[in-house]
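Asks: You'll find start.cif just under this line, and it carries mmCIF, N, CA and C atoms.
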```cif
data_my_file
loop_
_atom_site.label_atom_id
_atom_site.label_comp_id
_atom_site.auth_asym_id
_atom_site.auth_seq_id
_atom_site.Cartn_x
_atom_site.Cartn_y
_atom_site.Cartn_z
N MET A 1 0.82 -1.18 0.00
CA MET A 1 0.00 0.00 0.00
C MET A 1 0.87 1.26 0.00
N ALA A 2 1.98 1.21 0.74
CA ALA A 2 2.88 2.35 0.79
C ALA A 2 3.49 2.61 -0.59
N ILE A 3 3.83 1.56 -1.28
CA ILE A 3 4.41 1.72 -2.62
C ILE A 3 3.38 2.35 -3.56
N GLY A 4 2.15 1.90 -3.49
CA GLY A 4 1.08 2.48 -4.31
C GLY A 4 0.85 3.95 -3.98
N LEU A 5 0.82 4.25 -2.70
CA LEU A 5 0.62 5.64 -2.27
C LEU A 5 1.73 6.54 -2.79
N TRP A 6 2.97 6.13 -2.59
CA TRP A 6 4.09 6.96 -3.01
C TRP A 6 4.22 7.02 -4.53
N SER A 7 3.80 5.96 -5.21
CA SER A 7 3.80 6.02 -6.68
C SER A 7 2.82 7.08 -7.17
N LEU A 8 1.65 7.13 -6.57
CA LEU A 8 0.66 8.16 -6.95
C LEU A 8 1.15 9.56 -6.61
N ILE A 9 1.76 9.72 -5.45
CA ILE A 9 2.26 11.04 -5.06
C ILE A 9 3.35 11.50 -6.02
N ILE A 10 4.29 10.63 -6.32
CA ILE A 10 5.37 11.00 -7.24
C ILE A 10 4.82 11.28 -8.63
N GLU A 11 3.86 10.48 -9.09
CA GLU A 11 3.26 10.72 -10.40
C GLU A 11 2.59 12.09 -10.45
N ARG A 12 1.88 12.45 -9.40
CA ARG A 12 1.21 13.76 -9.36
C ARG A 12 2.22 14.89 -9.36
N LEU A 13 3.29 14.74 -8.60
CA LEU A 13 4.32 15.79 -8.55
C LEU A 13 4.99 15.95 -9.91
N LEU A 14 5.26 14.85 -10.58
CA LEU A 14 5.85 14.92 -11.92
C LEU A 14 4.87 15.54 -12.91
N PHE A 15 3.59 15.18 -12.80
CA PHE A 15 2.57 15.74 -13.69
C PHE A 15 2.49 17.25 -13.53
N VAL A 16 2.44 17.70 -12.29
CA VAL A 16 2.33 19.14 -12.02
C VAL A 16 3.58 19.89 -12.50
N SER A 17 4.71 19.24 -12.41
CA SER A 17 5.96 19.90 -12.81
C SER A 17 6.16 19.95 -14.31
N PHE A 18 5.77 18.90 -15.03
CA PHE A 18 6.12 18.81 -16.44
C PHE A 18 4.94 18.87 -17.41
N THR A 19 3.86 18.19 -17.11
CA THR A 19 2.74 18.10 -18.05
C THR A 19 1.72 19.22 -17.88
N TYR A 20 1.40 19.53 -16.63
CA TYR A 20 0.35 20.52 -16.39
C TYR A 20 0.62 21.89 -17.00
N PRO A 21 1.85 22.43 -16.94
CA PRO A 21 2.06 23.75 -17.55
C PRO A 21 1.70 23.78 -19.04
N LYS A 22 1.93 22.68 -19.75
CA LYS A 22 1.56 22.60 -21.17
C LYS A 22 0.04 22.59 -21.34
N LEU A 23 -0.65 21.84 -20.47
CA LEU A 23 -2.12 21.81 -20.54
C LEU A 23 -2.72 23.18 -20.23
N LYS A 24 -2.15 23.83 -19.24
CA LYS A 24 -2.63 25.16 -18.85
C LYS A 24 -2.43 26.15 -19.99
N GLN A 25 -1.27 26.10 -20.60
CA GLN A 25 -0.99 27.01 -21.71
C GLN A 25 -1.89 26.72 -22.91
N ALA A 26 -2.18 25.45 -23.15
CA ALA A 26 -3.09 25.08 -24.24
C ALA A 26 -4.49 25.63 -23.99
N ALA A 27 -4.95 25.57 -22.74
CA ALA A 27 -6.26 26.12 -22.40
C ALA A 27 -6.28 27.64 -22.59
N ILE A 28 -5.21 28.30 -22.17
CA ILE A 28 -5.12 29.76 -22.34
C ILE A 28 -5.08 30.12 -23.82
N ASP A 29 -4.32 29.36 -24.60
CA ASP A 29 -4.25 29.62 -26.04
C ASP A 29 -5.61 29.42 -26.71
N GLN A 30 -6.32 28.38 -26.31
CA GLN A 30 -7.65 28.14 -26.89
C GLN A 30 -8.59 29.28 -26.52
N TRP A 31 -8.50 29.78 -25.31
CA TRP A 31 -9.35 30.91 -24.89
C TRP A 31 -8.97 32.19 -25.64
N ASP A 32 -7.67 32.36 -25.87
CA ASP A 32 -7.20 33.55 -26.58
C ASP A 32 -7.70 33.59 -28.03
N GLN A 33 -8.01 32.43 -28.59
CA GLN A 33 -8.52 32.37 -29.96
C GLN A 33 -9.97 32.82 -30.06
N GLN A 34 -10.65 32.90 -28.94
CA GLN A 34 -12.05 33.34 -28.93
C GLN A 34 -12.12 34.84 -29.18
N THR A 35 -12.93 35.24 -30.13
CA THR A 35 -13.11 36.66 -30.38
C THR A 35 -14.26 37.22 -29.54
N ASP A 36 -15.33 36.44 -29.45
CA ASP A 36 -16.49 36.85 -28.65
C ASP A 36 -16.42 36.15 -27.30
N ARG A 37 -16.26 36.92 -26.24
CA ARG A 37 -16.11 36.31 -24.91
C ARG A 37 -17.32 36.58 -24.02
N ARG A 38 -18.35 37.17 -24.58
CA ARG A 38 -19.51 37.49 -23.77
C ARG A 38 -20.70 36.57 -24.04
N SER A 39 -20.65 35.81 -25.09
CA SER A 39 -21.78 34.94 -25.43
C SER A 39 -21.88 33.76 -24.47
N TRP A 40 -23.03 33.15 -24.48
CA TRP A 40 -23.28 31.99 -23.64
C TRP A 40 -22.34 30.86 -24.02
N LEU A 41 -22.10 30.68 -25.30
CA LEU A 41 -21.23 29.63 -25.79
C LEU A 41 -19.78 29.85 -25.32
N SER A 42 -19.32 31.08 -25.35
CA SER A 42 -17.96 31.39 -24.89
C SER A 42 -17.82 31.16 -23.40
N LYS A 43 -18.83 31.52 -22.65
CA LYS A 43 -18.77 31.28 -21.20
C LYS A 43 -18.77 29.79 -20.89
N GLY A 44 -19.50 29.03 -21.70
CA GLY A 44 -19.48 27.57 -21.54
C GLY A 44 -18.12 26.98 -21.87
N LEU A 45 -17.48 27.50 -22.92
CA LEU A 45 -16.14 27.05 -23.27
C LEU A 45 -15.16 27.37 -22.15
N ARG A 46 -15.26 28.57 -21.59
CA ARG A 46 -14.38 28.95 -20.49
C ARG A 46 -14.56 28.02 -19.30
N ALA A 47 -15.80 27.74 -18.96
CA ALA A 47 -16.08 26.84 -17.83
C ALA A 47 -15.53 25.44 -18.11
N ARG A 48 -15.67 24.97 -19.34
CA ARG A 48 -15.16 23.64 -19.70
C ARG A 48 -13.64 23.60 -19.61
N LEU A 49 -12.98 24.63 -20.12
CA LEU A 49 -11.52 24.68 -20.08
C LEU A 49 -11.01 24.68 -18.63
N ILE A 50 -11.66 25.48 -17.80
CA ILE A 50 -11.26 25.54 -16.39
C ILE A 50 -11.51 24.19 -15.71
N SER A 51 -12.66 23.61 -15.97
CA SER A 51 -13.02 22.35 -15.33
C SER A 51 -12.09 21.22 -15.74
N GLU A 52 -11.86 21.07 -17.02
CA GLU A 52 -11.02 19.97 -17.49
C GLU A 52 -9.57 20.13 -17.05
N THR A 53 -9.07 21.34 -17.12
CA THR A 53 -7.68 21.56 -16.75
C THR A 53 -7.47 21.39 -15.26
N SER A 54 -8.36 21.94 -14.45
CA SER A 54 -8.19 21.80 -13.00
C SER A 54 -8.48 20.38 -12.54
N LYS A 55 -9.36 19.68 -13.25
CA LYS A 55 -9.63 18.29 -12.91
C LYS A 55 -8.39 17.42 -13.14
N SER A 56 -7.61 17.78 -14.15
CA SER A 56 -6.40 17.00 -14.41
C SER A 56 -5.39 17.14 -13.29
N VAL A 57 -5.35 18.28 -12.63
CA VAL A 57 -4.43 18.48 -11.50
C VAL A 57 -4.92 17.70 -10.28
N ALA A 58 -6.22 17.70 -10.05
CA ALA A 58 -6.78 17.08 -8.85
C ALA A 58 -6.95 15.57 -8.99
N ARG A 59 -6.67 15.03 -10.16
CA ARG A 59 -6.83 13.59 -10.37
C ARG A 59 -5.95 12.83 -9.38
N SER A 60 -6.47 11.79 -8.82
CA SER A 60 -5.79 10.88 -7.88
C SER A 60 -5.64 11.44 -6.47
N VAL A 61 -6.01 12.69 -6.23
CA VAL A 61 -5.88 13.23 -4.87
C VAL A 61 -6.82 12.49 -3.91
N LEU A 62 -8.02 12.17 -4.35
CA LEU A 62 -8.95 11.42 -3.49
C LEU A 62 -8.41 10.02 -3.21
N THR A 63 -7.82 9.40 -4.21
CA THR A 63 -7.23 8.07 -4.01
C THR A 63 -6.06 8.15 -3.02
N ILE A 64 -5.25 9.18 -3.15
CA ILE A 64 -4.13 9.38 -2.22
C ILE A 64 -4.65 9.56 -0.79
N LYS A 65 -5.68 10.37 -0.63
CA LYS A 65 -6.24 10.60 0.70
C LYS A 65 -6.84 9.31 1.27
N THR A 66 -7.44 8.50 0.41
CA THR A 66 -8.01 7.22 0.87
C THR A 66 -6.90 6.28 1.32
N LEU A 67 -5.83 6.19 0.55
CA LEU A 67 -4.71 5.33 0.94
C LEU A 67 -4.06 5.81 2.24
N VAL A 68 -3.97 7.12 2.41
CA VAL A 68 -3.43 7.68 3.65
C VAL A 68 -4.29 7.23 4.83
N ALA A 69 -5.59 7.24 4.66
CA ALA A 69 -6.49 6.82 5.74
C ALA A 69 -6.42 5.32 6.00
N LEU A 70 -6.13 4.54 4.97
CA LEU A 70 -6.09 3.09 5.13
C LEU A 70 -4.78 2.58 5.73
N CYS A 71 -3.70 3.30 5.55
CA CYS A 71 -2.39 2.83 6.04
C CYS A 71 -2.38 2.49 7.52
N PRO A 72 -2.88 3.36 8.41
CA PRO A 72 -2.88 2.98 9.83
C PRO A 72 -3.78 1.78 10.11
N MET A 73 -4.86 1.65 9.35
CA MET A 73 -5.76 0.51 9.56
C MET A 73 -5.09 -0.81 9.18
N ILE A 74 -4.35 -0.80 8.08
CA ILE A 74 -3.63 -2.00 7.68
C ILE A 74 -2.55 -2.32 8.71
N GLY A 75 -1.87 -1.28 9.21
CA GLY A 75 -0.88 -1.49 10.27
C GLY A 75 -1.51 -2.07 11.52
N LEU A 76 -2.68 -1.59 11.87
CA LEU A 76 -3.37 -2.11 13.04
C LEU A 76 -3.77 -3.56 12.84
N LEU A 77 -4.18 -3.89 11.63
CA LEU A 77 -4.50 -5.28 11.32
C LEU A 77 -3.27 -6.17 11.52
N GLY A 78 -2.10 -5.69 11.11
CA GLY A 78 -0.87 -6.44 11.34
C GLY A 78 -0.56 -6.59 12.82
N THR A 79 -0.83 -5.56 13.59
CA THR A 79 -0.60 -5.63 15.03
C THR A 79 -1.53 -6.64 15.69
N VAL A 80 -2.79 -6.61 15.32
CA VAL A 80 -3.75 -7.55 15.90
C VAL A 80 -3.36 -8.98 15.54
N THR A 81 -2.98 -9.19 14.30
CA THR A 81 -2.56 -10.52 13.88
C THR A 81 -1.32 -10.97 14.66
N GLY A 82 -0.36 -10.05 14.84
CA GLY A 82 0.83 -10.38 15.63
C GLY A 82 0.52 -10.68 17.07
N MET A 83 -0.40 -9.94 17.66
CA MET A 83 -0.77 -10.18 19.05
C MET A 83 -1.47 -11.53 19.20
N VAL A 84 -2.31 -11.87 18.26
CA VAL A 84 -2.96 -13.19 18.29
C VAL A 84 -1.90 -14.28 18.25
N SER A 85 -0.88 -14.08 17.42
CA SER A 85 0.21 -15.04 17.33
C SER A 85 0.97 -15.14 18.66
N VAL A 86 1.22 -14.00 19.31
CA VAL A 86 1.91 -14.00 20.60
C VAL A 86 1.09 -14.77 21.64
N PHE A 87 -0.20 -14.51 21.70
CA PHE A 87 -1.04 -15.19 22.68
C PHE A 87 -1.17 -16.67 22.36
N ASP A 88 -1.15 -17.01 21.08
CA ASP A 88 -1.21 -18.42 20.69
C ASP A 88 0.03 -19.15 21.16
N VAL A 89 1.20 -18.56 20.98
CA VAL A 89 2.45 -19.18 21.44
C VAL A 89 2.44 -19.32 22.96
N MET A 90 1.93 -18.30 23.64
CA MET A 90 1.86 -18.37 25.10
C MET A 90 0.92 -19.49 25.55
N ALA A 91 -0.18 -19.65 24.84
CA ALA A 91 -1.14 -20.69 25.21
C ALA A 91 -0.56 -22.08 24.97
N ILE A 92 0.18 -22.22 23.88
CA ILE A 92 0.74 -23.54 23.56
C ILE A 92 1.88 -23.88 24.50
N SER A 93 2.79 -22.92 24.71
CA SER A 93 3.96 -23.22 25.54
C SER A 93 3.63 -23.18 27.03
N GLY A 94 2.59 -22.50 27.38
CA GLY A 94 2.17 -22.45 28.78
C GLY A 94 3.13 -21.70 29.68
N THR A 95 3.94 -20.88 29.09
CA THR A 95 4.92 -20.16 29.89
C THR A 95 4.53 -18.70 30.02
N GLY A 96 4.94 -18.10 31.07
CA GLY A 96 4.70 -16.68 31.29
C GLY A 96 5.99 -15.91 31.18
N ASN A 97 6.86 -16.32 30.27
CA ASN A 97 8.15 -15.67 30.10
C ASN A 97 7.94 -14.25 29.59
N ALA A 98 8.21 -13.28 30.45
CA ALA A 98 7.95 -11.88 30.11
C ALA A 98 8.86 -11.40 28.99
N ARG A 99 10.10 -11.89 28.95
CA ARG A 99 11.04 -11.46 27.91
C ARG A 99 10.56 -11.93 26.53
N ALA A 100 10.11 -13.15 26.43
CA ALA A 100 9.62 -13.67 25.15
C ALA A 100 8.34 -12.95 24.74
N MET A 101 7.49 -12.68 25.73
CA MET A 101 6.25 -11.99 25.43
C MET A 101 6.52 -10.55 24.98
N ALA A 102 7.44 -9.85 25.61
CA ALA A 102 7.78 -8.48 25.23
C ALA A 102 8.34 -8.43 23.82
N SER A 103 9.15 -9.40 23.46
CA SER A 103 9.70 -9.46 22.11
C SER A 103 8.59 -9.64 21.08
N GLY A 104 7.64 -10.49 21.38
CA GLY A 104 6.52 -10.71 20.47
C GLY A 104 5.63 -9.49 20.34
N VAL A 105 5.38 -8.81 21.46
CA VAL A 105 4.56 -7.60 21.44
C VAL A 105 5.28 -6.52 20.63
N TYR A 106 6.58 -6.40 20.80
CA TYR A 106 7.37 -5.43 20.05
C TYR A 106 7.24 -5.68 18.55
N ARG A 107 7.42 -6.93 18.14
CA ARG A 107 7.30 -7.26 16.72
C ARG A 107 5.87 -7.06 16.22
N ALA A 108 4.90 -7.26 17.08
CA ALA A 108 3.51 -7.11 16.66
C ALA A 108 3.13 -5.65 16.46
N THR A 109 3.76 -4.74 17.20
CA THR A 109 3.39 -3.32 17.08
C THR A 109 4.12 -2.61 15.94
N LEU A 110 5.13 -3.22 15.36
CA LEU A 110 5.85 -2.61 14.25
C LEU A 110 4.95 -2.27 13.05
N PRO A 111 4.00 -3.12 12.67
CA PRO A 111 3.14 -2.74 11.54
C PRO A 111 2.32 -1.47 11.78
N THR A 112 1.87 -1.27 13.00
CA THR A 112 1.12 -0.04 13.29
C THR A 112 2.03 1.17 13.16
N MET A 113 3.23 1.07 13.68
CA MET A 113 4.17 2.17 13.57
C MET A 113 4.47 2.47 12.09
N ALA A 114 4.69 1.44 11.31
CA ALA A 114 4.97 1.64 9.88
C ALA A 114 3.79 2.28 9.18
N GLY A 115 2.59 1.83 9.50
CA GLY A 115 1.40 2.42 8.90
C GLY A 115 1.23 3.89 9.27
N MET A 116 1.56 4.22 10.51
CA MET A 116 1.46 5.61 10.95
C MET A 116 2.50 6.49 10.27
N VAL A 117 3.72 5.99 10.11
CA VAL A 117 4.77 6.76 9.46
C VAL A 117 4.39 7.05 8.01
N VAL A 118 3.91 6.03 7.32
CA VAL A 118 3.50 6.21 5.92
C VAL A 118 2.33 7.19 5.84
N ALA A 119 1.37 7.04 6.74
CA ALA A 119 0.20 7.92 6.72
C ALA A 119 0.58 9.37 7.02
N LEU A 120 1.42 9.58 8.01
CA LEU A 120 1.80 10.95 8.36
C LEU A 120 2.57 11.63 7.23
N SER A 121 3.45 10.92 6.60
CA SER A 121 4.17 11.53 5.47
C SER A 121 3.24 11.72 4.29
N GLY A 122 2.30 10.83 4.10
CA GLY A 122 1.33 10.96 3.00
C GLY A 122 0.35 12.10 3.21
N ILE A 123 0.00 12.38 4.46
CA ILE A 123 -0.92 13.48 4.76
C ILE A 123 -0.34 14.80 4.26
N TYR A 124 0.93 15.02 4.52
CA TYR A 124 1.57 16.27 4.09
C TYR A 124 1.42 16.46 2.58
N PHE A 125 1.76 15.43 1.82
CA PHE A 125 1.71 15.57 0.37
C PHE A 125 0.27 15.62 -0.15
N SER A 126 -0.65 14.93 0.48
CA SER A 126 -2.04 15.00 0.00
C SER A 126 -2.61 16.40 0.22
N VAL A 127 -2.29 17.02 1.34
CA VAL A 127 -2.74 18.38 1.60
C VAL A 127 -2.10 19.35 0.61
N GLN A 128 -0.80 19.18 0.37
CA GLN A 128 -0.10 20.05 -0.57
C GLN A 128 -0.68 19.92 -1.98
N LEU A 129 -0.97 18.69 -2.40
CA LEU A 129 -1.54 18.49 -3.74
C LEU A 129 -2.95 19.06 -3.84
N GLU A 130 -3.74 18.91 -2.78
CA GLU A 130 -5.09 19.46 -2.78
C GLU A 130 -5.05 20.99 -2.84
N ASN A 131 -4.19 21.60 -2.06
CA ASN A 131 -4.05 23.05 -2.10
C ASN A 131 -3.53 23.54 -3.45
N LEU A 132 -2.62 22.79 -4.02
CA LEU A 132 -2.09 23.13 -5.34
C LEU A 132 -3.20 23.11 -6.38
N ALA A 133 -4.05 22.09 -6.33
CA ALA A 133 -5.16 22.00 -7.29
C ALA A 133 -6.10 23.19 -7.15
N LYS A 134 -6.41 23.58 -5.92
CA LYS A 134 -7.29 24.74 -5.70
C LYS A 134 -6.64 26.03 -6.20
N ARG A 135 -5.35 26.18 -5.89
CA ARG A 135 -4.64 27.39 -6.31
C ARG A 135 -4.54 27.47 -7.84
N GLU A 136 -4.26 26.35 -8.49
CA GLU A 136 -4.17 26.34 -9.95
C GLU A 136 -5.51 26.65 -10.59
N ARG A 137 -6.59 26.18 -9.99
CA ARG A 137 -7.92 26.49 -10.53
C ARG A 137 -8.19 27.99 -10.45
N ARG A 138 -7.88 28.58 -9.30
CA ARG A 138 -8.08 30.03 -9.15
C ARG A 138 -7.21 30.80 -10.14
N GLU A 139 -5.97 30.39 -10.29
CA GLU A 139 -5.07 31.07 -11.23
C GLU A 139 -5.58 30.96 -12.66
N LEU A 140 -6.07 29.79 -13.04
CA LEU A 140 -6.58 29.61 -14.39
C LEU A 140 -7.85 30.44 -14.60
N GLU A 141 -8.72 30.50 -13.59
CA GLU A 141 -9.90 31.35 -13.70
C GLU A 141 -9.50 32.79 -13.90
N ASP A 142 -8.48 33.25 -13.18
CA ASP A 142 -8.00 34.62 -13.35
C ASP A 142 -7.38 34.82 -14.73
N GLU A 143 -6.60 33.86 -15.17
CA GLU A 143 -5.94 33.96 -16.49
C GLU A 143 -6.98 34.02 -17.60
N LEU A 144 -7.98 33.17 -17.52
CA LEU A 144 -8.99 33.16 -18.58
C LEU A 144 -9.93 34.33 -18.47
N GLY A 145 -10.03 34.89 -17.30
CA GLY A 145 -10.88 36.08 -17.15
C GLY A 145 -10.20 37.34 -17.64
N SER A 146 -8.87 37.37 -17.55
CA SER A 146 -8.15 38.57 -17.91
C SER A 146 -7.69 38.59 -19.38
N HIS A 147 -7.74 37.47 -20.05
CA HIS A 147 -7.31 37.44 -21.46
C HIS A 147 -8.42 37.88 -22.38
#
```
Transcribe the structure of this file into structure tokens.

Replies:
Amino acid sequence: MAIGLWSLIIERLLFVSFTYPKLKQAAIDQWDQQTDRRSWLSKGLRARLISETSKSVARSVLTIKTLVALCPMIGLLGTVTGMVSVFDVMAISGTGNARAMASGVYRATLPTMAGMVVALSGIYFSVQLENLAKRERRELEDELGSH
């Protein structure tokens, strides 16, 4: 899940850096070709250009946010599975060895920690991408309004 999350984040960052400026410029160029900007048809074209271009920036942000929310849950599932394994070993061996039990609990809690680390780092980038999409939409609305 972490690999999928980071693949999407990196893809979005690369898209915003290299592909999006060309799409934005193409939308501005198409709007600049319009001679009549007051008609209903021109306003519809402007709305379509803004919508399609800004939608391309926001693509996958919801998926990224969903994966960020799922990472701690998957980690918790690993912890619960590990704890069940620890208790199973204790039940079979019948021992109350605190050192062996602490080692098992430690190993069982690692998945939760890993899920939290991935989620916390993913939250930062999901917020940044969401804010970037909003800012780019506003900028494009201003660009198409002023041309």

Asks: Find the residues near range 128-138 of chain A: any atom within 7 Å, counting all atoms listed in the file, skip ones fewer than 2 places away on the same chain, and give them as a list in words.

Replies: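 Near range 128-138 of chain A, the qualifying residues are Ile50, Thr53, Ser54, Val57, Ala58, Val61, Ile123, Tyr124, Phe125, Ser126, Leu140, Glu141, Asp142 and Glu143 of chain A.
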
Asks: Mind giving me the straight-line distance from atom C of Leu67 in chain A to CA of Met1 in chain A in Å, one decimal?

Replies: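 So the answer is 7.4 Å.
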
Asks: Using only N, CA and C atoms, which protein or nucleic acid residues come within 7 Å of range 69-84 of chain A? Drop anything in the same chain fewer than 5 positions from it, and give the result as a compact mmCIF listing (two decimals) with N, CA and C atoms, in the frame of the given file.

Replies:
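Wrote around_13.txt, looks like this:
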```txt
# COMPACT_ATOMS: atom_id res chain seq x y z
N ILE A 64 -5.25 9.18 -3.15
CA ILE A 64 -4.13 9.38 -2.22
C ILE A 64 -4.65 9.56 -0.79
N VAL A 89 1.20 -18.56 20.98
CA VAL A 89 2.45 -19.18 21.44
C VAL A 89 2.44 -19.32 22.96
N GLY A 104 7.64 -10.49 21.38
CA GLY A 104 6.52 -10.71 20.47
C GLY A 104 5.63 -9.49 20.34
N VAL A 105 5.38 -8.81 21.46
CA VAL A 105 4.56 -7.60 21.44
C VAL A 105 5.28 -6.52 20.63
N ARG A 107 7.42 -6.93 18.14
CA ARG A 107 7.30 -7.26 16.72
C ARG A 107 5.87 -7.06 16.22
N ALA A 108 4.90 -7.26 17.08
CA ALA A 108 3.51 -7.11 16.66
C ALA A 108 3.13 -5.65 16.46
N THR A 109 3.76 -4.74 17.20
CA THR A 109 3.39 -3.32 17.08
C THR A 109 4.12 -2.61 15.94
N LEU A 110 5.13 -3.22 15.36
CA LEU A 110 5.85 -2.61 14.25
C LEU A 110 4.95 -2.27 13.05
N PRO A 111 4.00 -3.12 12.67
CA PRO A 111 3.14 -2.74 11.54
C PRO A 111 2.32 -1.47 11.78
N THR A 112 1.87 -1.27 13.00
CA THR A 112 1.12 -0.04 13.29
C THR A 112 2.03 1.17 13.16
N MET A 113 3.23 1.07 13.68
CA MET A 113 4.17 2.17 13.57
C MET A 113 4.47 2.47 12.09
N ALA A 114 4.69 1.44 11.31
CA ALA A 114 4.97 1.64 9.88
C ALA A 114 3.79 2.28 9.18
N GLY A 115 2.59 1.83 9.50
CA GLY A 115 1.40 2.42 8.90
C GLY A 115 1.23 3.89 9.27
N MET A 116 1.56 4.22 10.51
CA MET A 116 1.46 5.61 10.95
C MET A 116 2.50 6.49 10.27
N VAL A 118 3.91 6.03 7.32
CA VAL A 118 3.50 6.21 5.92
C VAL A 118 2.33 7.19 5.84
N ALA A 119 1.37 7.04 6.74
CA ALA A 119 0.20 7.92 6.72
C ALA A 119 0.58 9.37 7.02
```

Asks: What is the atom N of Tyr106 in chain A to atom N of Leu120 in chain A distance in Å?

Replies: 21.1 Å

Asks: When distances are computed from only C-alpha atoms, which of A:Leu62, A:Ala2, A:Ser56, A:Gly145 shows the smallest separation from Tyr20 in chain A?

Replies: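 Under the stated criterion, the closest residue is A:Ser56.
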
Asks: Measure the distance from CA of Pro21 in chain A to CA of Leu45 in chain A in Å and round it to one decimal.

Replies: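 Atom-to-atom, CA of Pro21 in chain A to CA of Leu45 in chain A, that is 19.4 Å.
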